[in-house]
>>> print(open('my_file_3.cif').read())   # mmCIF, C-alpha atoms
data_input
#
loop_
_atom_site.label_atom_id
_atom_site.label_comp_id
_atom_site.auth_asym_id
_atom_site.auth_seq_id
_atom_site.Cartn_x
_atom_site.Cartn_y
_atom_site.Cartn_z
CA MET A 1 -172.10 59.43 -42.29
CA VAL A 2 -175.02 59.41 -39.88
CA LEU A 3 -178.05 61.66 -40.02
CA CYS A 4 -178.45 62.61 -36.36
CA ASN A 5 -175.31 64.69 -36.45
CA VAL A 6 -173.77 67.85 -35.12
CA GLU A 7 -175.40 69.99 -37.79
CA CYS A 8 -178.82 68.69 -36.83
CA LEU A 9 -178.22 69.50 -33.15
CA GLU A 10 -177.01 73.00 -34.00
CA LYS A 11 -180.22 73.66 -35.92
CA ILE A 12 -182.27 72.42 -32.97
CA SER A 13 -180.38 74.71 -30.57
CA ASN A 14 -181.08 77.63 -32.90
CA TYR A 15 -184.73 76.73 -32.99
CA LEU A 16 -184.91 76.52 -29.21
CA ASP A 17 -183.10 79.88 -28.84
CA VAL A 18 -180.27 78.39 -26.81
CA SER A 19 -176.61 78.87 -27.58
CA PRO A 20 -175.28 75.63 -29.02
CA LEU A 21 -173.03 73.56 -26.82
CA PRO A 22 -169.58 72.70 -28.14
CA LEU A 23 -170.19 69.49 -30.02
CA GLU A 24 -167.98 66.80 -31.46
CA MET A 25 -168.41 63.36 -32.98
CA GLN A 26 -166.80 60.41 -31.27
CA GLU A 27 -167.32 57.18 -33.21
CA ASN A 28 -170.84 57.96 -34.40
CA VAL A 29 -171.88 59.32 -31.00
CA VAL A 30 -172.34 63.04 -30.53
CA VAL A 31 -170.71 64.41 -27.41
CA ALA A 32 -171.49 67.83 -25.97
CA THR A 33 -169.60 69.61 -23.24
CA LYS A 34 -171.50 71.74 -20.74
CA ARG A 35 -169.92 75.15 -20.36
CA GLU A 36 -170.22 75.75 -16.63
CA SER A 37 -169.35 72.34 -15.30
CA ASN A 38 -167.22 71.03 -18.17
CA GLN A 39 -169.35 67.91 -17.81
CA LYS A 40 -169.74 65.74 -20.90
CA ILE A 41 -173.16 64.74 -22.22
CA GLU A 42 -173.21 61.79 -24.57
CA GLY A 43 -175.87 60.82 -27.04
CA PHE A 44 -178.16 62.62 -29.42
CA SER A 45 -181.41 62.33 -27.50
CA THR A 46 -179.83 63.22 -24.14
CA ILE A 47 -178.29 66.35 -25.62
CA ILE A 48 -181.62 67.43 -27.07
CA GLN A 49 -183.30 66.98 -23.72
CA SER A 50 -180.67 69.03 -21.94
CA LEU A 51 -181.05 71.72 -24.63
CA ILE A 52 -184.77 71.85 -23.89
CA GLU A 53 -184.08 72.12 -20.16
CA ASN A 54 -181.98 75.20 -20.81
CA SER A 55 -184.50 76.77 -23.16
CA LYS A 56 -187.70 78.65 -22.50
CA HIS A 57 -189.70 76.11 -24.50
CA SER A 58 -190.10 73.35 -21.93
CA ASP A 59 -193.54 72.47 -23.30
CA ILE A 60 -192.08 71.41 -26.65
CA LEU A 61 -191.31 68.03 -25.10
CA GLY A 62 -195.05 67.48 -24.77
CA VAL A 63 -197.87 68.93 -22.71
CA ASN A 64 -198.86 65.83 -20.80
CA ASN A 65 -197.16 62.64 -19.69
CA GLU A 66 -198.36 60.67 -22.67
CA THR A 67 -197.01 63.06 -25.30
CA LYS A 68 -193.80 63.45 -23.29
CA ALA A 69 -193.27 59.72 -23.34
CA LEU A 70 -194.14 59.55 -27.04
CA SER A 71 -191.79 62.35 -28.03
CA GLN A 72 -188.95 60.74 -26.09
CA GLN A 73 -189.62 57.46 -27.84
CA TRP A 74 -189.48 59.25 -31.18
CA LEU A 75 -186.12 60.75 -30.22
CA GLU A 76 -184.87 57.24 -29.51
CA TYR A 77 -186.33 56.08 -32.82
CA ALA A 78 -184.39 58.89 -34.50
CA VAL A 79 -181.14 57.65 -32.99
CA VAL A 80 -181.77 53.97 -33.60
CA CYS A 81 -183.40 54.01 -37.05
CA ILE A 82 -183.38 57.37 -38.83
CA ASN A 83 -179.72 57.81 -37.96
CA TYR A 84 -178.86 55.13 -40.49
CA ALA A 85 -181.41 56.10 -43.12
CA ASP A 86 -178.66 57.48 -45.35
CA THR A 87 -178.74 54.21 -47.32
CA PRO A 88 -181.71 53.85 -49.70
CA SER A 89 -183.04 50.62 -48.19
CA ASN A 90 -183.05 52.00 -44.64
CA ALA A 91 -184.59 55.24 -45.81
CA LYS A 92 -187.39 53.31 -47.48
CA LYS A 93 -188.10 51.39 -44.29
CA VAL A 94 -188.13 54.52 -42.16
CA LEU A 95 -190.42 56.35 -44.57
CA GLN A 96 -192.82 53.42 -44.65
CA GLU A 97 -192.98 53.27 -40.87
CA LEU A 98 -193.50 57.01 -40.58
CA ASN A 99 -196.14 56.93 -43.27
CA VAL A 100 -198.15 54.40 -41.28
CA THR A 101 -197.77 56.41 -38.08
CA LEU A 102 -198.80 59.67 -39.67
CA THR A 103 -201.87 58.20 -41.38
CA ASP A 104 -204.19 59.25 -38.57
CA LYS A 105 -202.13 61.98 -36.96
CA THR A 106 -201.23 65.52 -37.90
CA TYR A 107 -198.07 65.52 -35.81
CA LEU A 108 -196.04 62.53 -34.65
CA THR A 109 -197.37 62.58 -31.12
CA GLY A 110 -200.91 63.60 -32.01
CA THR A 111 -202.27 67.09 -32.41
CA LYS A 112 -199.44 69.24 -31.03
CA LYS A 113 -196.01 69.87 -32.47
CA THR A 114 -193.28 68.50 -30.24
CA ILE A 115 -189.51 68.21 -30.27
CA ALA A 116 -189.96 64.88 -32.05
CA ASP A 117 -191.39 66.66 -35.11
CA VAL A 118 -188.64 69.27 -35.03
CA THR A 119 -185.87 66.69 -34.74
CA LEU A 120 -187.25 64.43 -37.43
CA TYR A 121 -187.71 67.40 -39.74
CA TYR A 122 -184.00 68.22 -39.55
CA ALA A 123 -182.91 64.59 -39.69
CA LEU A 124 -185.09 63.78 -42.70
CA HIS A 125 -184.53 66.94 -44.71
CA SER A 126 -181.69 65.49 -46.75
CA ILE A 127 -183.77 62.39 -47.53
CA MET A 128 -186.94 64.24 -48.47
CA ARG A 129 -184.97 66.52 -50.78
CA GLU A 130 -183.86 63.55 -52.87
CA LEU A 131 -187.29 61.90 -53.22
CA THR A 132 -188.92 61.73 -56.63
CA HIS A 133 -192.48 62.97 -57.08
CA GLN A 134 -193.70 59.40 -57.26
CA GLU A 135 -192.11 58.61 -53.92
CA LYS A 136 -193.56 61.76 -52.39
CA ALA A 137 -196.99 60.58 -53.51
CA GLN A 138 -196.28 57.10 -52.21
CA TYR A 139 -195.44 58.44 -48.74
CA VAL A 140 -198.23 60.98 -48.89
CA HIS A 141 -198.69 61.18 -45.11
CA VAL A 142 -195.01 61.88 -44.52
CA SER A 143 -195.13 64.47 -47.32
CA ARG A 144 -198.12 66.21 -45.81
CA TRP A 145 -196.49 66.31 -42.37
CA PHE A 146 -193.17 67.51 -43.77
CA ASP A 147 -194.81 70.14 -45.96
CA ASN A 148 -196.72 71.47 -42.99
CA MET A 149 -193.59 71.53 -40.81
CA GLN A 150 -191.41 73.33 -43.31
CA GLN A 151 -193.74 76.31 -43.57
CA GLU A 152 -192.48 77.65 -40.25
CA GLU A 153 -189.60 79.95 -41.12
CA LYS A 154 -187.99 79.79 -37.73
CA LEU A 155 -187.80 76.03 -38.05
CA ARG A 156 -186.61 76.00 -41.64
CA GLN A 157 -183.66 78.32 -41.05
CA GLN A 158 -181.36 78.10 -44.10
CA LEU A 159 -182.78 74.82 -45.39
CA ASP A 160 -184.54 74.99 -48.74
CA LEU A 161 -188.26 74.68 -49.13
CA ILE A 162 -189.07 71.35 -50.74
CA SER A 163 -191.87 71.31 -53.27
CA PHE A 164 -194.68 68.89 -52.50
CA ASP A 165 -196.95 70.00 -55.28
CA LEU A 166 -198.26 66.65 -56.45
CA LEU A 167 -200.87 68.17 -58.70
CA HIS A 168 -199.17 67.38 -61.98
CA LEU A 169 -199.12 63.70 -61.09
CA PHE A 170 -202.87 63.62 -61.32
CA LEU A 171 -203.35 65.60 -64.52
CA MET B 1 -210.89 71.34 -56.39
CA ALA B 2 -214.46 71.94 -55.40
CA ILE B 3 -216.16 69.90 -52.76
CA GLY B 4 -219.84 69.23 -53.00
CA ASP B 5 -222.38 68.88 -50.27
CA LEU B 6 -220.73 67.45 -47.17
CA LYS B 7 -223.97 65.75 -46.21
CA THR B 8 -223.51 63.38 -49.14
CA ASP B 9 -221.05 60.53 -49.32
CA LYS B 10 -219.47 61.96 -52.44
CA GLY B 11 -218.85 65.29 -50.72
CA ILE B 12 -217.04 63.55 -47.88
CA LYS B 13 -215.04 61.48 -50.34
CA ASP B 14 -213.95 64.66 -52.12
CA LEU B 15 -212.95 66.17 -48.81
CA ASN B 16 -211.03 63.00 -48.03
CA SER B 17 -208.92 63.24 -51.16
CA TYR B 18 -208.51 66.99 -50.65
CA LEU B 19 -207.09 66.41 -47.17
CA ALA B 20 -204.80 63.55 -48.21
CA ASP B 21 -201.83 65.86 -48.67
CA ARG B 22 -203.01 68.79 -46.57
CA SER B 23 -203.06 69.26 -42.83
CA TYR B 24 -205.59 72.09 -42.85
CA ILE B 25 -208.35 73.35 -45.13
CA GLU B 26 -206.49 76.57 -45.87
CA GLY B 27 -202.84 77.41 -45.35
CA TRP B 28 -200.54 75.90 -42.78
CA GLN B 29 -202.36 76.49 -39.53
CA PRO B 30 -205.85 75.92 -38.17
CA THR B 31 -208.24 78.73 -39.11
CA GLN B 32 -211.93 79.47 -39.00
CA ALA B 33 -212.11 77.83 -42.43
CA ASP B 34 -211.49 74.53 -40.65
CA VAL B 35 -214.23 75.34 -38.17
CA VAL B 36 -216.73 76.11 -40.95
CA VAL B 37 -216.02 72.81 -42.69
CA LEU B 38 -216.13 70.98 -39.36
CA GLU B 39 -219.58 72.38 -38.66
CA ALA B 40 -220.75 71.67 -42.20
CA LEU B 41 -219.66 68.09 -41.67
CA GLY B 42 -221.70 67.88 -38.50
CA LYS B 43 -220.89 64.30 -37.56
CA ILE B 44 -217.81 62.23 -36.81
CA PRO B 45 -216.41 60.90 -40.10
CA THR B 46 -216.20 57.16 -40.60
CA PRO B 47 -212.86 55.31 -40.71
CA SER B 48 -213.40 54.71 -44.42
CA ASN B 49 -212.36 58.33 -44.89
CA PRO B 50 -209.11 58.26 -42.90
CA HIS B 51 -207.88 61.71 -43.95
CA VAL B 52 -211.09 63.40 -42.89
CA LEU B 53 -211.01 61.52 -39.60
CA ARG B 54 -207.42 62.56 -38.86
CA TRP B 55 -208.18 66.18 -39.70
CA TYR B 56 -211.38 66.05 -37.64
CA ASN B 57 -209.57 64.76 -34.55
CA HIS B 58 -206.85 67.34 -35.01
CA ILE B 59 -209.20 70.32 -35.31
CA LYS B 60 -211.33 69.04 -32.42
CA SER B 61 -208.26 69.31 -30.18
CA TYR B 62 -208.30 73.11 -30.52
CA ASP B 63 -210.56 75.61 -28.85
CA LEU B 64 -212.61 76.34 -31.95
CA LYS B 65 -213.50 79.92 -31.03
CA THR B 66 -209.90 81.08 -30.61
CA LEU B 67 -208.72 80.04 -34.05
CA PRO B 68 -207.63 82.93 -36.29
CA GLY B 69 -209.17 84.00 -39.57
CA GLU B 70 -212.50 85.25 -40.72
CA ARG B 71 -215.63 83.15 -40.46
CA LYS B 72 -216.58 82.53 -44.04
CA ALA B 73 -217.12 79.52 -46.18
CA PRO B 74 -213.73 78.46 -47.55
CA VAL B 75 -213.08 78.65 -51.28
CA ILE B 76 -213.23 74.92 -51.80
CA LEU B 77 -216.77 74.68 -50.45
CA SER B 78 -218.27 77.60 -52.32
CA SER B 79 -217.12 77.34 -55.89
CA ASN B 80 -220.73 76.97 -57.05
CA ASN B 81 -221.70 80.22 -55.39
CA SER B 82 -220.39 83.11 -57.46
CA ALA B 83 -220.88 85.78 -54.77
CA ASN B 84 -218.78 83.86 -52.31
CA VAL B 85 -216.11 83.19 -54.85
CA THR B 86 -215.51 86.84 -55.59
CA ALA B 87 -215.36 87.63 -51.89
CA ALA B 88 -212.88 84.85 -51.38
CA LYS B 89 -210.88 86.00 -54.37
CA SER B 90 -210.16 89.42 -52.93
CA GLU B 91 -209.13 87.73 -49.69
CA ASP B 92 -206.81 85.46 -51.51
CA ASN B 93 -204.83 88.25 -53.11
CA ASP B 94 -202.63 88.83 -50.03
CA ASP B 95 -201.22 85.34 -50.08
CA LYS B 96 -201.28 84.70 -53.76
CA ASP B 97 -197.77 83.29 -53.84
CA VAL B 98 -198.69 80.59 -51.36
CA ASP B 99 -202.09 79.78 -52.73
CA LEU B 100 -201.18 79.42 -56.37
CA PHE B 101 -203.22 76.26 -56.61
CA LYS B 102 -206.45 77.72 -55.36
CA SER B 103 -206.41 81.02 -57.20
CA ASP B 104 -205.77 79.10 -60.38
CA GLU B 105 -208.81 77.02 -59.66
CA GLU B 106 -211.09 80.03 -59.43
CA GLU B 107 -209.90 81.78 -62.54
CA ASP B 108 -210.24 78.56 -64.41
CA ALA B 109 -213.61 77.60 -62.98
CA GLU B 110 -215.20 78.17 -66.36
CA ALA B 111 -212.49 76.25 -68.17
CA ALA B 112 -212.72 73.46 -65.62
CA ARG B 113 -216.46 73.20 -66.14
CA LEU B 114 -215.95 73.03 -69.88
CA ARG B 115 -213.32 70.35 -69.45
CA GLU B 116 -215.58 68.38 -67.13
CA GLU B 117 -218.31 68.48 -69.75
CA ARG B 118 -215.99 67.32 -72.49
CA LEU B 119 -214.64 64.60 -70.24
CA LYS B 120 -218.15 63.45 -69.54
CA ALA B 121 -219.03 63.41 -73.23
CA TYR B 122 -215.86 61.48 -73.91
CA GLU B 123 -216.60 58.97 -71.16
CA GLU B 124 -220.07 58.45 -72.56
CA LYS B 125 -218.68 57.89 -76.03
CA LYS B 126 -216.15 55.49 -74.64
CA SER B 127 -218.68 53.52 -72.65
CA ARG B 128 -220.77 52.94 -75.77
CA LYS B 129 -217.81 51.45 -77.57
CA PRO B 130 -216.22 49.08 -75.09
CA ALA B 131 -212.49 48.69 -75.43
CA PRO B 132 -211.23 45.17 -76.10
CA VAL B 133 -210.64 43.41 -72.80
CA ALA B 134 -207.38 41.58 -72.34
CA LYS B 135 -208.11 38.03 -71.25
CA SER B 136 -205.93 35.07 -70.44
CA SER B 137 -206.66 31.40 -70.27
CA ILE B 138 -204.82 29.59 -67.53
CA VAL B 139 -204.50 25.93 -66.65
CA LEU B 140 -203.68 25.42 -62.99
CA ASP B 141 -202.35 22.26 -61.36
CA VAL B 142 -203.51 21.95 -57.77
CA LYS B 143 -201.61 19.32 -55.82
CA PRO B 144 -203.11 17.61 -52.77
CA TRP B 145 -201.20 16.49 -49.68
CA ASP B 146 -201.62 12.72 -50.16
CA ASP B 147 -203.89 10.06 -51.64
CA GLU B 148 -206.42 10.51 -48.81
CA THR B 149 -207.21 14.12 -49.66
CA ASP B 150 -210.87 14.54 -50.61
CA MET B 151 -210.58 15.64 -54.25
CA ASP B 152 -214.29 16.47 -54.60
CA ALA B 153 -214.13 18.81 -51.62
CA MET B 154 -211.03 20.35 -53.12
CA GLU B 155 -212.79 21.01 -56.40
CA LYS B 156 -215.70 22.61 -54.58
CA ALA B 157 -213.34 24.78 -52.58
CA VAL B 158 -211.46 25.96 -55.67
CA ARG B 159 -214.64 26.69 -57.58
CA SER B 160 -215.98 28.60 -54.60
CA ILE B 161 -213.57 31.42 -55.42
CA GLN B 162 -215.81 33.82 -57.28
CA MET B 163 -215.05 37.28 -58.52
CA ASP B 164 -215.70 39.67 -61.35
CA GLY B 165 -213.61 38.77 -64.37
CA LEU B 166 -212.96 35.17 -63.33
CA VAL B 167 -214.63 32.22 -65.06
CA TRP B 168 -213.91 28.60 -64.12
CA ALA B 169 -213.97 26.05 -66.94
CA ALA B 170 -213.38 22.34 -67.35
CA SER B 171 -211.40 20.35 -64.83
CA LYS B 172 -210.12 16.81 -64.49
CA LEU B 173 -208.01 14.64 -62.26
CA VAL B 174 -204.61 13.60 -63.52
CA ALA B 175 -202.89 10.60 -61.99
CA VAL B 176 -199.46 11.30 -60.60
CA GLY B 177 -198.71 7.84 -59.25
CA TYR B 178 -199.12 5.82 -56.07
CA GLY B 179 -202.84 6.55 -56.17
CA ILE B 180 -202.29 10.28 -55.95
CA HIS B 181 -204.10 12.55 -58.37
CA LYS B 182 -203.59 16.17 -59.07
CA PHE B 183 -206.47 18.40 -59.89
CA ARG B 184 -206.17 20.26 -63.19
CA ILE B 185 -208.57 23.12 -63.82
CA MET B 186 -208.89 25.67 -66.55
CA CYS B 187 -210.05 29.22 -66.04
CA VAL B 188 -210.34 32.44 -67.99
CA ILE B 189 -209.43 35.72 -66.35
CA GLU B 190 -209.63 39.34 -67.38
CA ASP B 191 -206.12 40.67 -66.91
CA ASP B 192 -207.22 44.02 -65.51
CA LYS B 193 -209.53 42.55 -62.90
CA VAL B 194 -207.86 39.39 -61.66
CA SER B 195 -204.23 38.85 -60.75
CA VAL B 196 -202.88 35.33 -61.18
CA ASP B 197 -200.73 35.64 -58.06
CA TRP B 198 -203.79 36.59 -56.07
CA LEU B 199 -205.72 33.65 -57.48
CA ILE B 200 -202.98 31.18 -56.60
CA GLU B 201 -202.73 32.65 -53.11
CA GLN B 202 -206.47 32.20 -52.68
CA ILE B 203 -206.31 28.55 -53.75
CA GLU B 204 -203.31 27.87 -51.54
CA SER B 205 -205.24 29.28 -48.60
CA PHE B 206 -207.32 26.06 -48.55
CA GLU B 207 -204.52 24.53 -46.54
CA GLU B 208 -206.39 21.41 -45.53
CA PHE B 209 -206.54 20.21 -49.17
CA VAL B 210 -203.94 22.06 -51.14
CA GLN B 211 -200.23 21.50 -50.91
CA SER B 212 -199.20 23.71 -53.81
CA VAL B 213 -200.47 25.31 -56.99
CA ASP B 214 -198.56 25.48 -60.27
CA ILE B 215 -199.36 27.20 -63.51
CA GLU B 216 -199.54 24.47 -66.14
CA SER B 217 -200.04 26.82 -69.06
CA PHE B 218 -200.78 30.49 -69.50
CA ASN B 219 -202.12 31.84 -72.79
CA LYS B 220 -203.21 35.31 -73.69
CA LEU B 221 -206.56 35.13 -75.44
#
>>> encode(input="my_file_3.cif", output="structure tokens")
Amino acid sequence: MVLCNVECLEKISNYLDVSPLPLEMQENVVVATKRESNQKIEGFSTIIQSLIENSKHSDILGVNNETKALSQQWLEYAVVCINYADTPSNAKKVLQELNVTLTDKTYLTGTKKTIADVTLYYALHSIMRELTHQEKAQYVHVSRWFDNMQQEEKLRQQLDLISFDLLHLFL
Amino acid sequence: MAIGDLKTDKGIKDLNSYLADRSYIEGWQPTQADVVVLEALGKIPTPSNPHVLRWYNHIKSYDLKTLPGERKAPVILSSNNSANVTAAKSEDNDDKDVDLFKSDEEEDAEAARLREERLKAYEEKKSRKPAPVAKSSIVLDVKPWDDETDMDAMEKAVRSIQMDGLVWAASKLVAVGYGIHKFRIMCVIEDDKVSVDWLIEQIESFEEFVQSVDIESFNKL
């Protein structure tokens, strides 16, 4: 089981208003087939980038070169690290790293939402759902970011709204 | 949660804890409420308030005039001002389901004040009658590298660690053999204020003298 899977890509295609490409898993690698050319695209991050190319939201990759580079690096991080966060120890590591990153940022790449935020939202949803309230408070920056992301209905799709009300912890 | 005057340190601290798990002052997108608070803040927040600083940088990245919403002091700033609160209350009714937290706050402002007062009275009562402090007496063995280590300098270094809740007591040198002595020192710590692990780490950081530190005995007082 890996987290950057077909389901995640389908949700991203929905979000970007593009029809999802036919997808399949081949030994932990997602493979998409382009309709017109029958050409195969391999790899999670490459597929996302080709989805963006076909969509009308080209600015979601980032508005300037710096954010573009950052969002691509986050996509790679998703494939390399978050992909395997389905075990508790890996999940803990990923959450810690994200928590540090998000300490001084509202979104992963700074002040604008990019594809990196969208992708990580889908990839992390199953992890965040299982967190206890104590853990949510421990990774408060991740919680804040996730809570803010999930308020957009178009992004959330059929996923459930996770409660981040930490108030009762402090009473 | 009500935030006091943003010109004071306490006000900024309150704002800092308010923003810890929120991206914006109100709701899930930047609004004029953010702008109002930003202007009330006036200056760039210091890094000691990381959440305010993050929020500040984020809001600064927008064109402030184009942000949606009505220009009015947000609920959290104006809880002392009854006129503003009622105005804000009627505004809040449209998104009551989202803003459960805030509307609760307003209705319970009176109750909260009462609770604050009781809490204060309780704190005062408590401070007059200090709770028993848990203390421990520890004997530490500090081992030098070899017989040429300057034991007097080592003692000075160890005793130079000073903090609230830590009291150094008697010490002596104990012969280990081959002319090597270990330095045995007693200290009393308050359990809540001083961690033994931290203390040992501090002593071991004098690497030029100290090879290792062992706990010889540990007694709760």
>>> residues_around(input="my_file_3.cif", residues="B:Asp150", least_positions_apart="5", cutoff="10 Å", atoms="only C-alpha atoms", output="list in words")
Pro144, Trp145, Glu155, Glu208 and Phe209 of chain B
>>> resolve_selection(input="my_file_3.cif", expression="the PyMOL selection byres ((chain A) within 8 of (chain B))", output="list in words")
Thr103, Asp104, Lys105, Thr106, Gly110, Thr111, Val140, His141, Ser143, Arg144, Trp145, Asn148 and Gln151 of chain A
>>> atom_distance(input="my_file_3.cif", atom1="atom CA of A:Leu95", atom2="atom CA of A:Gln73")
16.8 Å
>>> resolve_selection(input="my_file_3.cif", expression="the PyMOL selection byres ((chain A and resi 7-16) around 8)", output="PyMOL selection string")
chain A and resi 3-6+17-20+44+48+51-52+55-57+118-119+122-123+154-155+157
>>> closest_residue(input="my_file_3.cif", among="A:Leu61, A:Ile115, A:Ile127, A:Leu120", to="A:Lys92", atoms="all atoms listed in the file")
A:Ile127
>>> atom_distance(input="my_file_3.cif", atom1="atom CA of B:Pro74", atom2="atom CA of B:Lys120")
27.0 Å
>>> residues_around(input="my_file_3.cif", residues="A:Phe164", least_positions_apart="2", cutoff="9 Å", atoms="all atoms listed in the file", output="list in words")
His133, Lys136, Ala137, Ser143, Arg144, Phe146, Asp147, Ile162, Leu166 and Leu167 of chain A; Asp21 of chain B
>>> residues_near_point(input="my_file_3.cif", point="(-174.5, 57.3, -26.0)", cutoff="12 Å", atoms="only C-alpha atoms", output="number ranges by chain")
A: 25-32, 40-47, 76, 79-80
>>> residues_around(input="my_file_3.cif", residues="B:Val194", least_positions_apart="6", cutoff="8 Å", atoms="all atoms listed in the file", output="ChimeraX atom specification")
/B:164-166
>>> write_last_selection(input="my_file_3.cif", atoms="C-alpha atoms", output="mmCIF file, in the frame of the given file")
data_model
loop_
_atom_site.group_PDB
_atom_site.id
_atom_site.type_symbol
_atom_site.label_atom_id
_atom_site.label_comp_id
_atom_site.auth_asym_id
_atom_site.auth_seq_id
_atom_site.Cartn_x
_atom_site.Cartn_y
_atom_site.Cartn_z
ATOM 1 C CA ASP B 164 -215.700 39.670 -61.350
ATOM 2 C CA GLY B 165 -213.610 38.770 -64.370
ATOM 3 C CA LEU B 166 -212.960 35.170 -63.330
#
>>> resolve_selection(input="my_file_3.cif", expression="the PyMOL selection byres ((chain B and resi 156) around 12)", output="NGL selection string")
:B and (150-155 or 157-162 or 168 or 171 or 183 or 185 or 203 or 206 or 209)
>>> atom_distance(input="my_file_3.cif", atom1="atom CA of B:Glu70", atom2="atom CA of B:Asp5")
21.4 Å
>>> build_atoms(input="my_file_3.cif", residues="stretch 46-64 of chain B", atoms="N, CA and C atoms", output="short mmCIF file (atom, residue, chain, number, x, y, z; two decimals), in the frame of the given file")
data_model
loop_
_atom_site.label_atom_id
_atom_site.label_comp_id
_atom_site.auth_asym_id
_atom_site.auth_seq_id
_atom_site.Cartn_x
_atom_site.Cartn_y
_atom_site.Cartn_z
N THR B 46 -216.45 58.58 -40.77
CA THR B 46 -216.20 57.16 -40.60
C THR B 46 -214.75 56.83 -40.94
N PRO B 47 -214.25 55.69 -40.42
CA PRO B 47 -212.86 55.31 -40.71
C PRO B 47 -212.60 55.05 -42.19
N SER B 48 -213.64 54.93 -43.00
CA SER B 48 -213.40 54.71 -44.42
C SER B 48 -212.88 55.97 -45.09
N ASN B 49 -212.96 57.10 -44.39
CA ASN B 49 -212.36 58.33 -44.89
C ASN B 49 -211.25 58.77 -43.93
N PRO B 50 -210.11 58.07 -43.94
CA PRO B 50 -209.11 58.26 -42.90
C PRO B 50 -208.58 59.69 -42.81
N HIS B 51 -208.46 60.36 -43.97
CA HIS B 51 -207.88 61.71 -43.95
C HIS B 51 -208.82 62.69 -43.27
N VAL B 52 -210.13 62.54 -43.54
CA VAL B 52 -211.09 63.40 -42.89
C VAL B 52 -211.08 63.14 -41.39
N LEU B 53 -210.99 61.89 -41.01
CA LEU B 53 -211.01 61.52 -39.60
C LEU B 53 -209.80 62.11 -38.87
N ARG B 54 -208.64 62.00 -39.49
CA ARG B 54 -207.42 62.56 -38.86
C ARG B 54 -207.56 64.06 -38.68
N TRP B 55 -208.01 64.72 -39.75
CA TRP B 55 -208.18 66.18 -39.70
C TRP B 55 -209.22 66.54 -38.64
N TYR B 56 -210.31 65.79 -38.60
CA TYR B 56 -211.38 66.05 -37.64
C TYR B 56 -210.86 65.98 -36.21
N ASN B 57 -210.12 64.91 -35.90
CA ASN B 57 -209.57 64.76 -34.55
C ASN B 57 -208.62 65.89 -34.22
N HIS B 58 -207.83 66.29 -35.23
CA HIS B 58 -206.85 67.34 -35.01
C HIS B 58 -207.53 68.67 -34.70
N ILE B 59 -208.53 69.03 -35.50
CA ILE B 59 -209.20 70.32 -35.31
C ILE B 59 -209.99 70.32 -34.00
N LYS B 60 -210.57 69.15 -33.67
CA LYS B 60 -211.33 69.04 -32.42
C LYS B 60 -210.47 69.34 -31.20
N SER B 61 -209.14 69.14 -31.34
CA SER B 61 -208.26 69.31 -30.18
C SER B 61 -208.04 70.79 -29.88
N TYR B 62 -208.46 71.68 -30.78
CA TYR B 62 -208.30 73.11 -30.52
C TYR B 62 -209.57 73.68 -29.90
N ASP B 63 -209.39 74.86 -29.28
CA ASP B 63 -210.56 75.61 -28.85
C ASP B 63 -211.06 76.34 -30.08
N LEU B 64 -212.19 75.90 -30.63
CA LEU B 64 -212.61 76.34 -31.95
C LEU B 64 -212.78 77.86 -32.05
#
